[in-house]
$ cat start_26.txt   # compact mmCIF, C-alpha atoms
# COMPACT_ATOMS: atom_id res chain seq x y z
CA MET A 24 92.47 101.53 125.37
CA LEU A 25 93.86 100.71 121.92
CA SER A 26 90.94 102.42 120.22
CA GLN A 27 91.67 105.61 122.19
CA ILE A 28 95.35 105.46 121.21
CA ALA A 29 94.30 105.09 117.58
CA LEU A 30 92.14 108.21 117.83
CA ASP A 31 94.87 110.23 119.59
CA ARG A 32 97.59 109.61 116.98
CA SER A 33 96.91 112.83 115.10
CA VAL A 34 98.81 115.77 116.56
CA GLY A 35 98.11 118.07 113.64
CA VAL A 36 101.43 117.58 111.85
CA THR A 37 100.07 115.65 108.88
CA GLU A 38 97.24 118.14 108.49
CA TYR A 39 99.68 121.07 108.54
CA ILE A 40 102.08 119.50 106.03
CA ARG A 41 99.25 118.67 103.65
CA ASP A 42 98.01 122.25 103.86
CA VAL A 43 101.34 123.93 103.06
CA LEU A 44 102.77 121.59 100.43
CA PRO A 45 101.89 122.27 96.77
CA GLU A 46 100.10 119.56 94.84
CA TRP A 47 102.93 119.26 92.31
CA SER A 48 105.14 117.84 95.09
CA VAL A 49 102.99 114.72 95.44
CA GLN A 50 104.82 112.84 92.67
CA LEU A 51 108.20 113.70 94.20
CA PHE A 52 107.16 112.29 97.54
CA GLU A 53 105.75 109.17 95.88
CA LEU A 54 109.23 108.61 94.41
CA ALA A 55 110.86 109.22 97.79
CA ALA A 56 108.54 106.66 99.40
CA LEU A 57 109.92 103.99 97.05
CA LEU A 58 113.08 103.90 99.19
CA GLY A 59 110.97 101.98 101.71
CA ASP A 60 108.82 100.00 99.31
CA GLU A 61 109.02 96.26 99.96
CA LEU A 62 109.87 95.41 96.35
CA VAL A 63 112.63 98.02 96.28
CA VAL A 64 113.95 96.77 99.64
CA VAL A 65 114.14 93.23 98.30
CA GLY A 66 115.74 94.52 95.08
CA VAL A 67 118.44 96.38 97.03
CA LEU A 68 119.03 93.25 99.08
CA LEU A 69 119.48 91.18 95.92
CA VAL A 70 122.02 93.71 94.59
CA PHE A 71 123.83 93.54 97.94
CA VAL A 72 124.01 89.73 97.77
CA THR A 73 124.98 89.70 94.08
CA ALA A 74 127.83 92.13 94.74
CA ASP A 75 129.08 89.83 97.51
CA VAL A 76 129.00 86.83 95.19
CA TYR A 77 130.94 88.83 92.60
CA ARG A 78 133.58 89.71 95.18
CA SER A 79 133.82 86.04 96.14
CA VAL A 80 134.48 85.14 92.51
CA ARG A 81 137.20 87.76 92.13
CA ARG A 82 138.93 86.77 95.36
CA GLY A 83 138.63 83.04 94.80
CA SER A 84 136.86 82.67 98.13
CA ASP A 85 135.61 79.26 99.25
CA ARG A 86 132.30 80.85 100.31
CA LEU A 87 129.64 81.90 97.83
CA VAL A 88 128.07 84.34 100.29
CA SER A 89 129.90 85.78 103.29
CA ASP A 90 128.50 85.45 106.81
CA ARG A 91 128.17 89.24 107.05
CA VAL A 92 125.98 89.50 103.96
CA ALA A 93 123.99 86.41 104.93
CA PHE A 94 123.30 87.92 108.36
CA VAL A 95 122.17 91.25 106.91
CA SER A 96 119.89 89.44 104.45
CA ALA A 97 118.29 87.39 107.21
CA VAL A 98 117.74 90.44 109.41
CA VAL A 99 116.16 92.48 106.62
CA LEU A 100 113.84 89.66 105.52
CA GLY A 101 112.82 89.07 109.13
CA GLY A 102 112.25 92.80 109.56
CA LEU A 103 109.85 92.90 106.61
CA ALA A 104 107.88 90.04 108.14
CA LEU A 105 107.83 91.76 111.53
CA THR A 106 106.52 94.96 109.94
CA LEU A 107 103.60 93.01 108.52
CA VAL A 108 102.94 91.30 111.85
CA VAL A 109 102.80 94.57 113.80
CA LYS A 110 100.65 96.31 111.20
CA THR A 111 98.05 93.56 110.99
CA THR A 112 98.03 92.89 114.74
CA LEU A 113 97.33 96.49 115.80
CA GLY A 114 95.21 97.49 112.83
CA PHE A 115 95.07 101.23 113.56
CA PRO A 116 93.38 103.22 110.76
CA ARG A 117 95.07 105.63 108.37
CA PRO A 118 94.27 109.34 108.29
CA PRO A 119 90.92 110.16 106.63
CA GLU A 120 90.72 110.10 102.85
CA SER A 121 90.31 113.86 102.83
CA LEU A 122 93.97 114.13 103.89
CA GLN A 123 95.36 111.50 101.55
CA ALA A 124 97.00 112.87 98.42
CA VAL A 125 97.10 109.34 97.05
CA PRO A 126 94.36 107.06 98.43
CA ARG A 127 95.74 104.09 100.32
CA GLU A 128 93.96 101.15 101.86
CA GLY A 129 95.08 98.95 104.74
CA ASP A 130 96.18 99.71 108.27
CA GLY A 131 98.06 102.85 109.25
CA PHE A 132 100.27 101.79 112.15
CA PRO A 133 103.14 101.37 111.89
CA SER A 134 104.25 102.97 108.64
CA GLY A 135 105.36 99.94 106.68
CA HIS A 136 107.50 102.01 104.31
CA THR A 137 109.28 103.80 107.17
CA MET A 138 109.92 100.65 109.19
CA ALA A 139 111.15 98.74 106.12
CA ALA A 140 113.46 101.64 105.23
CA THR A 141 114.79 101.76 108.80
CA VAL A 142 115.52 98.03 108.79
CA LEU A 143 117.19 98.00 105.36
CA TRP A 144 119.25 101.18 105.46
CA GLY A 145 119.92 100.78 109.17
CA ALA A 146 121.26 97.25 108.65
CA LEU A 147 123.50 98.41 105.80
CA ALA A 148 124.76 101.28 107.98
CA LEU A 149 125.50 98.96 110.88
CA TRP A 150 127.05 96.07 109.00
CA GLY A 151 127.95 97.39 105.57
CA ALA A 152 131.58 97.50 104.43
CA ARG A 153 131.54 100.42 101.98
CA PHE A 154 132.41 103.97 103.09
CA THR A 155 133.07 104.99 106.68
CA GLY A 156 130.65 104.29 109.51
CA ARG A 157 129.79 107.99 109.79
CA GLN A 158 129.04 108.20 106.06
CA ARG A 159 126.85 105.09 106.17
CA PHE A 160 124.87 106.32 109.17
CA GLY A 161 124.49 109.78 107.67
CA LEU A 162 123.18 108.36 104.40
CA ALA A 163 120.82 105.98 106.23
CA ALA A 164 119.43 108.86 108.31
CA VAL A 165 118.75 110.92 105.18
CA LEU A 166 117.05 108.05 103.34
CA VAL A 167 114.89 107.01 106.30
CA GLY A 168 114.02 110.65 106.93
CA LEU A 169 112.94 111.09 103.32
CA VAL A 170 110.70 108.04 103.47
CA GLY A 171 109.17 109.07 106.79
CA PHE A 172 108.48 112.63 105.67
CA SER A 173 107.02 111.38 102.38
CA ARG A 174 104.40 109.39 104.28
CA LEU A 175 103.31 112.56 106.08
CA ALA A 176 103.45 114.64 102.91
CA LEU A 177 101.20 112.12 101.14
CA GLY A 178 98.80 112.18 104.07
CA VAL A 179 98.78 108.41 104.55
CA HIS A 180 100.29 108.34 108.06
CA TYR A 181 100.46 110.41 111.21
CA LEU A 182 103.70 111.62 112.83
CA VAL A 183 103.25 109.08 115.63
CA ASP A 184 103.17 106.26 113.06
CA VAL A 185 106.42 107.40 111.47
CA LEU A 186 108.34 107.97 114.70
CA ALA A 187 107.16 104.67 116.18
CA SER A 188 108.19 102.88 112.99
CA VAL A 189 111.74 104.23 113.22
CA GLY A 190 111.89 103.22 116.88
CA LEU A 191 110.57 99.73 116.15
CA GLY A 192 113.03 99.29 113.30
CA ILE A 193 116.03 100.35 115.37
CA GLY A 194 114.92 98.25 118.33
CA TYR A 195 114.53 95.23 116.07
CA LEU A 196 118.05 95.65 114.63
CA VAL A 197 119.60 95.95 118.08
CA LEU A 198 117.67 92.95 119.39
CA ALA A 199 118.45 90.82 116.33
CA ALA A 200 122.19 91.44 116.74
CA ALA A 201 122.09 90.76 120.48
CA VAL A 202 120.04 87.57 120.29
CA THR A 203 121.82 85.98 117.32
CA GLY A 204 125.36 87.17 117.98
CA ARG A 205 125.38 88.05 114.24
CA GLU A 206 125.31 84.33 113.44
CA PRO A 207 123.54 83.78 110.06
CA ARG A 208 122.09 80.42 111.08
CA LEU A 209 120.29 81.93 114.07
CA ALA A 210 119.28 85.02 112.13
CA PHE A 211 117.65 82.96 109.37
CA ALA A 212 115.93 80.77 111.97
CA GLY A 213 114.47 83.90 113.54
CA ALA A 214 113.42 85.21 110.15
CA ALA A 215 111.66 81.93 109.34
CA VAL A 216 109.77 82.13 112.64
CA LEU A 217 108.70 85.70 111.90
CA GLY A 218 107.59 84.60 108.44
CA GLY A 219 105.40 81.93 110.01
CA VAL A 220 103.93 84.45 112.45
CA ALA A 221 103.20 86.75 109.49
CA VAL A 222 101.11 84.03 107.87
CA LEU A 223 99.14 83.50 111.09
CA SER A 224 98.66 87.20 111.86
CA THR A 225 97.36 87.96 108.36
CA GLY A 226 95.02 85.00 108.31
CA GLY A 227 97.00 83.40 105.50
CA ASP A 228 96.59 86.20 102.96
CA ALA A 229 98.95 86.79 100.03
CA ASP A 230 101.21 89.24 101.89
CA GLY A 231 101.66 86.83 104.78
CA TRP A 232 102.62 83.97 102.49
CA LEU A 233 105.01 86.18 100.52
CA ALA A 234 106.74 87.12 103.76
CA PHE A 235 106.95 83.46 104.76
CA VAL A 236 108.28 82.32 101.38
CA GLY A 237 110.84 85.14 101.36
CA CYS A 238 112.15 84.33 104.84
CA VAL A 239 112.20 80.57 104.42
CA GLY A 240 113.47 80.80 100.84
CA GLY A 241 116.35 82.99 101.96
CA ALA A 242 117.18 80.56 104.76
CA VAL A 243 117.13 77.55 102.44
CA GLY A 244 119.20 79.36 99.82
CA TRP A 245 121.87 80.27 102.35
CA TRP A 246 121.84 76.76 103.86
CA LEU A 247 122.44 75.23 100.43
CA THR A 248 125.54 77.38 99.94
CA THR A 249 127.01 75.97 103.16
CA LEU A 250 126.72 72.31 102.11
CA PRO A 251 130.13 70.65 101.62
CA SER A 252 129.19 69.43 98.14
CA VAL A 253 128.13 72.91 97.04
CA ARG A 254 131.23 74.49 98.53
CA ALA A 255 133.43 71.88 96.82
CA ALA A 256 131.73 72.55 93.48
CA TRP A 257 132.14 76.30 94.03
CA GLN A 258 135.88 75.90 94.76
CA SER A 259 136.34 73.90 91.57
CA VAL A 260 134.74 76.69 89.57
CA THR A 261 136.70 79.52 91.20
$ encode --input "start_26.txt" --output "structure tokens"
Amino acid sequence: MLSQIALDRSVGVTEYIRDVLPEWSVQLFELAALLGDELVVVGVLLVFVTADVYRSVRRGSDRLVSDRVAFVSAVVLGGLALTLVVKTTLGFPRPPESLQAVPREGDGFPSGHTMAATVLWGALALWGARFTGRQRFGLAAVLVGLVGFSRLALGVHYLVDVLASVGLGIGYLVLAAAVTGREPRLAFAGAAVLGGVAVLSTGGDADGWLAFVGCVGGAVGWWLTTLPSVRAAWQSVT
């Protein structure tokens, strides 16, 4: 059943896009794909947290990191781990090398870049504080769309992979908010569990351990900021 689904994922869209796009566009789409690259996602998350710490300093807040930012961080880290779990569990192949503008190894479903972009930019749209909600959602839609289309333009995923990745990312965000009640403690606990599952699903490879360390490290870092002694020291500084 799964093998048949894997074979039926091509509906001709990737083939058509690869045929009509000029070769000089490949580098542009490689740049666009970076909006969903795991390292870039983590970098954006670090900037998001750093900006929150800076605001806490300016306002003289008694909290180093706000609950809102902590929750978003936990959800995004957990989402990266979930992406890895789904990809390694299903293990559907990528399009043939003859279609790939830039050869890629690994599994093809879901699109890791697209799902990571959906989780990151979707979380910032849902729970960010800058700009209006309509502006945030509009920007998130554009960025996720760019990443998804770039994966087709580079010939490394099928349309089904991209659409399913967006759906999985949105479903994960909705479920995470519903289950945790936007409580950072529960969100980080869930992220840590997903990190552990990532290690098991990958057979303990480097990516699985990186996901685990990221999720657990984020949870420990946030927990340390909530300790009375740390909060007292922070208040004395601010």
$ residues_around --input "start_26.txt" --residues "range 128-139 of chain A" --least-positions-apart "4" --cutoff "7 Å" --atoms "all atoms listed in the file" --output "list in words"
Ala56, Gly59, Asp60, Glu61, Gly102, Leu103, Thr106, Lys110, Thr111, Gly114, Phe115, Pro116, Arg117, Leu143, Val167, Val170, Gly171, His180, Asp184, Val185, Ala187, Ser188, Val189 and Gly192 of chain A
$ axis_aligned_box --input "start_26.txt" --around "range 155-161 of chain A" --padding-each-side "5 Å" --output "lines of an AutoDock Vina configuration file"
center_x = 128.8
center_y = 107.0
center_z = 107.9
size_x = 18.6
size_y = 15.5
size_z = 13.7
$ atom_distance --input "start_26.txt" --atom1 "CA of Leu217 in chain A" --atom2 "CA of Ala140 in chain A"
17.9 Å
$ atom_distance --input "start_26.txt" --atom1 "CA of Pro207 in chain A" --atom2 "CA of Val92 in chain A"
8.7 Å
$ residues_near_point --input "start_26.txt" --point "(109.0, 80.5, 108.0)" --cutoff "7 Å" --atoms "only C-alpha atoms" --output "list in words"
Ala214, Ala215, Val216, Leu217, Gly218, Gly219, Phe235, Val236, Cys238 and Val239 of chain A
$ write_last_selection --input "start_26.txt" --atoms "C-alpha atoms" --output "compact mmCIF listing (two decimals), in the coordinates of the input"
# COMPACT_ATOMS: atom_id res chain seq x y z
CA ALA A 214 113.42 85.21 110.15
CA ALA A 215 111.66 81.93 109.34
CA VAL A 216 109.77 82.13 112.64
CA LEU A 217 108.70 85.70 111.90
CA GLY A 218 107.59 84.60 108.44
CA GLY A 219 105.40 81.93 110.01
CA PHE A 235 106.95 83.46 104.76
CA VAL A 236 108.28 82.32 101.38
CA CYS A 238 112.15 84.33 104.84
CA VAL A 239 112.20 80.57 104.42
$ atom_distance --input "start_26.txt" --atom1 "CA of Gly161 in chain A" --atom2 "CA of Phe52 in chain A"
20.2 Å
$ closest_residue --input "start_26.txt" --among "A:Arg91, A:Arg208, A:Arg78, A:Arg174" --to "Pro126 in chain A" --atoms "all atoms listed in the file"
A:Arg174
$ residues_around --input "start_26.txt" --residues "Thr203 in chain A" --least-positions-apart "4" --cutoff "10 Å" --atoms "only C-alpha atoms" --output "list in words"
Phe94, Val98, Leu198, Ala199, Pro207, Arg208, Leu209, Ala210, Phe211, Ala212 and Gly213 of chain A
$ closest_residue --input "start_26.txt" --among "A:Trp144, A:Trp150, A:Tyr195, A:Trp232" --to "Val64 in chain A" --atoms "all atoms listed in the file"
A:Trp144
$ closest_residue --input "start_26.txt" --among "A:Val63, A:Leu100, A:Val142, A:Ala148" --to "Gly237 in chain A" --atoms "only C-alpha atoms"
A:Leu100
$ closest_residue --input "start_26.txt" --among "A:Ser96, A:Gly190, A:Leu107, A:Ala152" --to "Val70 in chain A" --atoms "only C-alpha atoms"
A:Ser96
$ closest_residue --input "start_26.txt" --among "A:Gly151, A:Gly226, A:Gly178, A:Gly194" --to "Glu53 in chain A" --atoms "only C-alpha atoms"
A:Gly178
$ residues_around --input "start_26.txt" --residues "Ile40 in chain A" --least-positions-apart "4" --cutoff "12 Å" --atoms "all atoms listed in the file" --output "list in words"
Val34, Gly35, Val36, Leu44, Pro45, Glu46, Ser48, Val49, Leu122, Gln123, Ala124, Phe172, Ser173, Arg174, Leu175, Ala176, Leu177, Gly178, Val179, His180, Tyr181 and Leu182 of chain A
$ closest_residue --input "start_26.txt" --among "A:Val183, A:Ser84, A:Val197, A:Phe71" --to "Leu147 in chain A" --atoms "only C-alpha atoms"
A:Phe71
